[in-house]
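For reference, run.pdb (PDB, C-alpha atoms):
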ATOM      1  CA  MET Z   1      -1.930  14.912 -23.455
ATOM      2  CA  GLU Z   2      -0.419  13.141 -20.473
ATOM      3  CA  GLU Z   3      -2.359  13.105 -17.185
ATOM      4  CA  GLU Z   4      -0.689  14.549 -14.118
ATOM      5  CA  TYR Z   5      -0.169  11.927 -11.443
ATOM      6  CA  THR Z   6      -1.650  12.769  -8.043
ATOM      7  CA  PRO Z   7      -0.849  10.173  -5.380
ATOM      8  CA  ASP Z   8      -3.342   9.140  -2.724
ATOM      9  CA  ILE Z   9      -1.716  10.030   0.594
ATOM     10  CA  VAL Z  10      -2.655   8.099   3.733
ATOM     11  CA  SER Z  11      -1.778   9.273   7.225
ATOM     12  CA  VAL Z  12      -1.623   6.532   9.869
ATOM     13  CA  ILE Z  13      -1.357   7.109  13.613
ATOM     14  CA  ASP Z  14       0.329   4.170  15.331
ATOM     15  CA  GLU Z  15      -0.389   2.815  18.821
ATOM     16  CA  GLU Z  16       2.170   5.228  20.299
ATOM     17  CA  GLY Z  17       0.510   8.268  18.694
ATOM     18  CA  LYS Z  18       3.198   8.781  16.044
ATOM     19  CA  GLU Z  19       2.053   9.773  12.555
ATOM     20  CA  HIS Z  20       3.331   7.863   9.511
ATOM     21  CA  VAL Z  21       2.639   9.030   5.960
ATOM     22  CA  PHE Z  22       2.209   6.633   3.052
ATOM     23  CA  GLU Z  23       1.235   6.637  -0.596
ATOM     24  CA  GLU Z  24      -1.621   4.258  -1.332
ATOM     25  CA  LEU Z  25      -0.487   2.007  -4.162
ATOM     26  CA  ASP Z  26      -3.500  -0.265  -4.563
ATOM     27  CA  ARG Z  27      -6.464  -1.923  -2.843
ATOM     28  CA  ILE Z  28      -7.914  -5.360  -3.324
ATOM     29  CA  GLU Z  29     -10.914  -7.126  -1.927
ATOM     30  CA  THR Z  30     -10.966 -10.885  -1.488
ATOM     31  CA  GLU Z  31     -13.344 -13.274   0.217
ATOM     32  CA  ASN Z  32     -11.283 -12.666   3.389
ATOM     33  CA  GLY Z  33     -11.632  -8.875   3.379
ATOM     34  CA  LEU Z  34     -10.257  -5.611   2.040
ATOM     35  CA  TYR Z  35      -6.490  -5.014   1.872
ATOM     36  CA  ILE Z  36      -4.351  -1.987   1.063
ATOM     37  CA  ALA Z  37      -0.768  -1.714  -0.194
ATOM     38  CA  LEU Z  38       1.110   1.336   1.071
ATOM     39  CA  CYS Z  39       4.529   2.769   0.288
ATOM     40  CA  PRO Z  40       6.206   4.761   3.091
ATOM     41  CA  LEU Z  41       6.845   8.397   2.214
ATOM     42  CA  PRO Z  42       9.962   9.847   3.784
ATOM     43  CA  GLU Z  43       9.930  13.251   5.447
ATOM     44  CA  ASN Z  44      12.528  14.421   2.914
ATOM     45  CA  PRO Z  45      11.937  12.806  -0.512
ATOM     46  CA  ALA Z  46      15.184  14.316  -1.853
ATOM     47  CA  ALA Z  47      17.100  12.135   0.639
ATOM     48  CA  ILE Z  48      15.956   8.878  -0.986
ATOM     49  CA  PRO Z  49      18.886   7.203  -2.748
ATOM     50  CA  GLU Z  50      18.236   6.335  -6.401
ATOM     51  CA  ASP Z  51      19.093   2.691  -5.748
ATOM     52  CA  ALA Z  52      16.651   2.384  -2.832
ATOM     53  CA  ASP Z  53      14.593  -0.801  -2.851
ATOM     54  CA  ASP Z  54      10.951  -0.388  -3.740
ATOM     55  CA  GLU Z  55       9.061  -1.560  -0.700
ATOM     56  CA  PHE Z  56       5.461  -1.628   0.338
ATOM     57  CA  ILE Z  57       3.461  -2.828   3.291
ATOM     58  CA  VAL Z  58       0.163  -4.663   3.219
ATOM     59  CA  LEU Z  59      -2.522  -4.009   5.811
ATOM     60  CA  ARG Z  60      -6.081  -5.225   6.327
ATOM     61  CA  VAL Z  61      -8.777  -2.518   6.215
ATOM     62  CA  ILE Z  62     -11.324  -2.736   9.031
ATOM     63  CA  PRO Z  63     -14.356  -0.423   9.225
ATOM     64  CA  GLY Z  64     -14.265   1.711  12.365
ATOM     65  CA  GLU Z  65     -16.850   3.952  13.966
ATOM     66  CA  GLY Z  66     -18.493   6.437  11.623
ATOM     67  CA  ASP Z  67     -16.138   7.301   8.752
ATOM     68  CA  GLU Z  68     -13.091   6.019  10.636
ATOM     69  CA  VAL Z  69     -11.030   3.290   9.013
ATOM     70  CA  VAL Z  70      -8.710   1.031  10.969
ATOM     71  CA  LEU Z  71      -5.659  -0.523   9.304
ATOM     72  CA  GLU Z  72      -4.246  -3.611  10.969
ATOM     73  CA  PRO Z  73      -1.303  -5.879  10.215
ATOM     74  CA  ILE Z  74      -1.956  -9.345   8.832
ATOM     75  CA  GLU Z  75      -0.848 -11.773  11.531
ATOM     76  CA  ASP Z  76      -1.238 -15.017   9.561
ATOM     77  CA  ASP Z  77       1.894 -15.674   7.463
ATOM     78  CA  ASP Z  78       0.026 -17.666   4.789
ATOM     79  CA  GLU Z  79      -2.599 -14.953   4.383
ATOM     80  CA  TYR Z  80       0.124 -12.266   4.225
ATOM     81  CA  ASP Z  81       2.038 -14.209   1.563
ATOM     82  CA  GLU Z  82      -1.113 -14.785  -0.497
ATOM     83  CA  ILE Z  83      -2.188 -11.130  -0.427
ATOM     84  CA  GLY Z  84       1.383  -9.904  -0.976
ATOM     85  CA  HIS Z  85       1.705 -12.054  -4.099
ATOM     86  CA  ILE Z  86      -1.599 -10.736  -5.449
ATOM     87  CA  PHE Z  87      -0.301  -7.176  -5.078
ATOM     88  CA  LEU Z  88       3.056  -8.084  -6.662
ATOM     89  CA  ASP Z  89       1.275  -9.607  -9.658
ATOM     90  CA  ARG Z  90      -0.924  -6.522 -10.022
ATOM     91  CA  PHE Z  91       2.092  -4.190  -9.810
ATOM     92  CA  ALA Z  92       3.923  -6.241 -12.448
ATOM     93  CA  GLU Z  93       0.912  -5.891 -14.759
ATOM     94  CA  MET Z  94       0.624  -2.134 -14.095
ATOM     95  CA  PHE Z  95       4.281  -1.466 -14.803
ATOM     96  CA  ALA Z  96       4.281  -3.731 -17.857
ATOM     97  CA  ASP Z  97       1.429  -1.612 -19.261
ATOM     98  CA  ASP Z  98       3.416   1.583 -18.549
ATOM     99  CA  GLU Z  99       6.474   0.228 -20.361
ATOM    100  CA  GLU Z 100       4.423  -0.655 -23.463
ATOM    101  CA  GLU Z 101       3.167   2.938 -23.918
TER     102      GLU Z 101
END

Rewrite the structure of this file - the entire thing - as structure tokens.
Amino acid sequence: MEEEYTPDIVSVIDEEGKEHVFEELDRIETENGLYIALCPLPENPAAIPEDADDEFIVLRVIPGEGDEVVLEPIEDDDEYDEIGHIFLDRFAEMFADDEEE
């Protein structure tokens, strides 16, 4: 029996107070901190062209007050490249496993 996929949805409020909705793809923790890979979810999923590029953003997870979590961009280009490549490698492994089934 195949499991039903339920995505983890993340709502982010930007500095201007606008809400953005994402699907959480993966999280990793390194010696430099915790990072999250998010895929933007459009307001109208039916409007996504079939040939749309798969894109994701990488943010650093910072503990906030209480249960609050703060997501911040990675400013250092080398750090961003390193973390981005880790996620890409993990995604390649995940999708390779899916193709083998």

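Relative to atom CA of Val10 of chain Z, atom CA of Pro40 of chain Z is found at 9.5 Å.
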
Mind pulling up the distance from atom CA of Phe91 of chain Z to atom CA of Leu25 of chain Z?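 Computing it gives 8.8 Å between the two atoms.
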
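In this structure, atom CA of Lys18 of chain Z sits 21.0 Å away from atom CA of Pro63 of chain Z.
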
Tell me, as an MDAnalysis selection string, which residues lie within 9 Å of segment 30-37 of chain Z, counting only C-alpha atoms; anything in the same chain fewer than 3 positions away does not count. chainID Z and resid 23:27 56:62 71 83:84 87

Measuring between all atoms listed in the file, which one of Z:Val69, Z:Glu55, Z:Glu29, Z:Gly64 shows the shortest distance to Val12 of chain Z? Z:Val69

From Z:Glu4, Z:Leu88, Z:Leu41, Z:Ala96, residue lying nearest Phe22 of chain Z [all atoms listed in the file]: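 Among Z:Glu4, Z:Leu88, Z:Leu41, Z:Ala96, it is Z:Leu41 that comes nearest to Phe22 of chain Z.
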
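When the distance limit is 12 Å and only C-alpha atoms are what count, the residues near Glu43 of chain Z, minus those fewer than 6 positions from it on the same chain, are Glu19, His20, Val21 and Phe22 of chain Z.
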
Give the centre and edge lengths of an axis-aligned box, in Å to one decimal, that holds all listed atoms of segment 19-24 of chain Z with 6 Å on each side, as JSON.
{"center_x": 0.9, "center_y": 7.0, "center_z": 5.6, "size_x": 17.0, "size_y": 17.5, "size_z": 25.9}

Kindly reconstruct segment 9-20 of chain Z with all heavy atoms and present the result as an mmCIF file, in the coordinates of the input.
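Writing done, so here's result.cif:
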data_model
loop_
_atom_site.group_PDB
_atom_site.id
_atom_site.type_symbol
_atom_site.label_atom_id
_atom_site.label_comp_id
_atom_site.auth_asym_id
_atom_site.auth_seq_id
_atom_site.Cartn_x
_atom_site.Cartn_y
_atom_site.Cartn_z
ATOM 1 N N ILE Z 9 -2.531 10.007 -0.605
ATOM 2 C CA ILE Z 9 -1.716 10.030 0.594
ATOM 3 C C ILE Z 9 -2.561 9.562 1.775
ATOM 4 O O ILE Z 9 -3.695 9.999 1.960
ATOM 5 C CB ILE Z 9 -1.167 11.447 0.862
ATOM 6 C CG1 ILE Z 9 -0.397 11.965 -0.349
ATOM 7 C CG2 ILE Z 9 -0.314 11.465 2.129
ATOM 8 C CD1 ILE Z 9 0.787 11.125 -0.763
ATOM 9 N N VAL Z 10 -1.979 8.658 2.568
ATOM 10 C CA VAL Z 10 -2.655 8.099 3.733
ATOM 11 C C VAL Z 10 -1.809 8.417 4.957
ATOM 12 O O VAL Z 10 -0.606 8.155 4.974
ATOM 13 C CB VAL Z 10 -2.811 6.566 3.594
ATOM 14 C CG1 VAL Z 10 -3.432 5.963 4.840
ATOM 15 C CG2 VAL Z 10 -3.623 6.218 2.360
ATOM 16 N N SER Z 11 -2.447 8.979 5.964
ATOM 17 C CA SER Z 11 -1.778 9.273 7.225
ATOM 18 C C SER Z 11 -2.255 8.247 8.248
ATOM 19 O O SER Z 11 -3.460 8.062 8.432
ATOM 20 C CB SER Z 11 -2.132 10.689 7.681
ATOM 21 O OG SER Z 11 -1.582 10.941 8.944
ATOM 22 N N VAL Z 12 -1.294 7.574 8.902
ATOM 23 C CA VAL Z 12 -1.623 6.532 9.869
ATOM 24 C C VAL Z 12 -1.014 6.922 11.215
ATOM 25 O O VAL Z 12 0.164 7.271 11.294
ATOM 26 C CB VAL Z 12 -1.059 5.162 9.418
ATOM 27 C CG1 VAL Z 12 -1.326 4.101 10.458
ATOM 28 C CG2 VAL Z 12 -1.647 4.763 8.072
ATOM 29 N N ILE Z 13 -1.828 6.859 12.257
ATOM 30 C CA ILE Z 13 -1.357 7.109 13.613
ATOM 31 C C ILE Z 13 -1.170 5.749 14.276
ATOM 32 O O ILE Z 13 -2.107 4.957 14.364
ATOM 33 C CB ILE Z 13 -2.373 7.949 14.423
ATOM 34 C CG1 ILE Z 13 -2.758 9.228 13.689
ATOM 35 C CG2 ILE Z 13 -1.835 8.228 15.823
ATOM 36 C CD1 ILE Z 13 -1.644 10.201 13.450
ATOM 37 N N ASP Z 14 0.064 5.472 14.725
ATOM 38 C CA ASP Z 14 0.329 4.170 15.331
ATOM 39 C C ASP Z 14 -0.125 4.147 16.795
ATOM 40 O O ASP Z 14 -0.655 5.139 17.318
ATOM 41 C CB ASP Z 14 1.800 3.754 15.171
ATOM 42 C CG ASP Z 14 2.778 4.617 15.942
ATOM 43 O OD1 ASP Z 14 2.366 5.350 16.871
ATOM 44 O OD2 ASP Z 14 3.983 4.560 15.628
ATOM 45 N N GLU Z 15 0.070 3.004 17.443
ATOM 46 C CA GLU Z 15 -0.389 2.815 18.821
ATOM 47 C C GLU Z 15 0.283 3.769 19.804
ATOM 48 O O GLU Z 15 -0.234 4.026 20.886
ATOM 49 C CB GLU Z 15 -0.150 1.370 19.248
ATOM 50 C CG GLU Z 15 -0.969 0.394 18.453
ATOM 51 C CD GLU Z 15 -0.489 -1.035 18.581
ATOM 52 O OE1 GLU Z 15 0.641 -1.272 19.051
ATOM 53 O OE2 GLU Z 15 -1.265 -1.922 18.205
ATOM 54 N N GLU Z 16 1.448 4.306 19.434
ATOM 55 C CA GLU Z 16 2.170 5.228 20.299
ATOM 56 C C GLU Z 16 1.849 6.682 19.987
ATOM 57 O O GLU Z 16 2.446 7.600 20.538
ATOM 58 C CB GLU Z 16 3.671 4.971 20.180
ATOM 59 C CG GLU Z 16 4.042 3.560 20.647
ATOM 60 C CD GLU Z 16 5.459 3.174 20.277
ATOM 61 O OE1 GLU Z 16 6.167 3.979 19.628
ATOM 62 O OE2 GLU Z 16 5.848 2.057 20.641
ATOM 63 N N GLY Z 17 0.925 6.918 19.045
ATOM 64 C CA GLY Z 17 0.510 8.268 18.694
ATOM 65 C C GLY Z 17 1.381 8.941 17.653
ATOM 66 O O GLY Z 17 1.192 10.116 17.351
ATOM 67 N N LYS Z 18 2.313 8.210 17.067
ATOM 68 C CA LYS Z 18 3.198 8.781 16.044
ATOM 69 C C LYS Z 18 2.533 8.671 14.670
ATOM 70 O O LYS Z 18 1.995 7.629 14.310
ATOM 71 C CB LYS Z 18 4.541 8.055 16.035
ATOM 72 C CG LYS Z 18 5.527 8.660 15.069
ATOM 73 C CD LYS Z 18 6.889 8.026 15.144
ATOM 74 C CE LYS Z 18 7.792 8.723 14.145
ATOM 75 N NZ LYS Z 18 8.999 8.006 13.866
ATOM 76 N N GLU Z 19 2.635 9.758 13.892
ATOM 77 C CA GLU Z 19 2.053 9.773 12.555
ATOM 78 C C GLU Z 19 3.054 9.238 11.534
ATOM 79 O O GLU Z 19 4.234 9.578 11.561
ATOM 80 C CB GLU Z 19 1.652 11.187 12.162
ATOM 81 C CG GLU Z 19 1.044 11.258 10.777
ATOM 82 C CD GLU Z 19 0.662 12.663 10.363
ATOM 83 O OE1 GLU Z 19 1.330 13.627 10.801
ATOM 84 O OE2 GLU Z 19 -0.296 12.784 9.596
ATOM 85 N N HIS Z 20 2.551 8.390 10.628
ATOM 86 C CA HIS Z 20 3.331 7.863 9.511
ATOM 87 C C HIS Z 20 2.564 8.198 8.234
ATOM 88 O O HIS Z 20 1.349 8.054 8.184
ATOM 89 C CB HIS Z 20 3.507 6.347 9.635
ATOM 90 C CG HIS Z 20 4.157 5.932 10.907
ATOM 91 N ND1 HIS Z 20 5.515 5.849 11.057
ATOM 92 C CD2 HIS Z 20 3.621 5.596 12.108
ATOM 93 C CE1 HIS Z 20 5.796 5.464 12.288
ATOM 94 N NE2 HIS Z 20 4.668 5.307 12.947
#
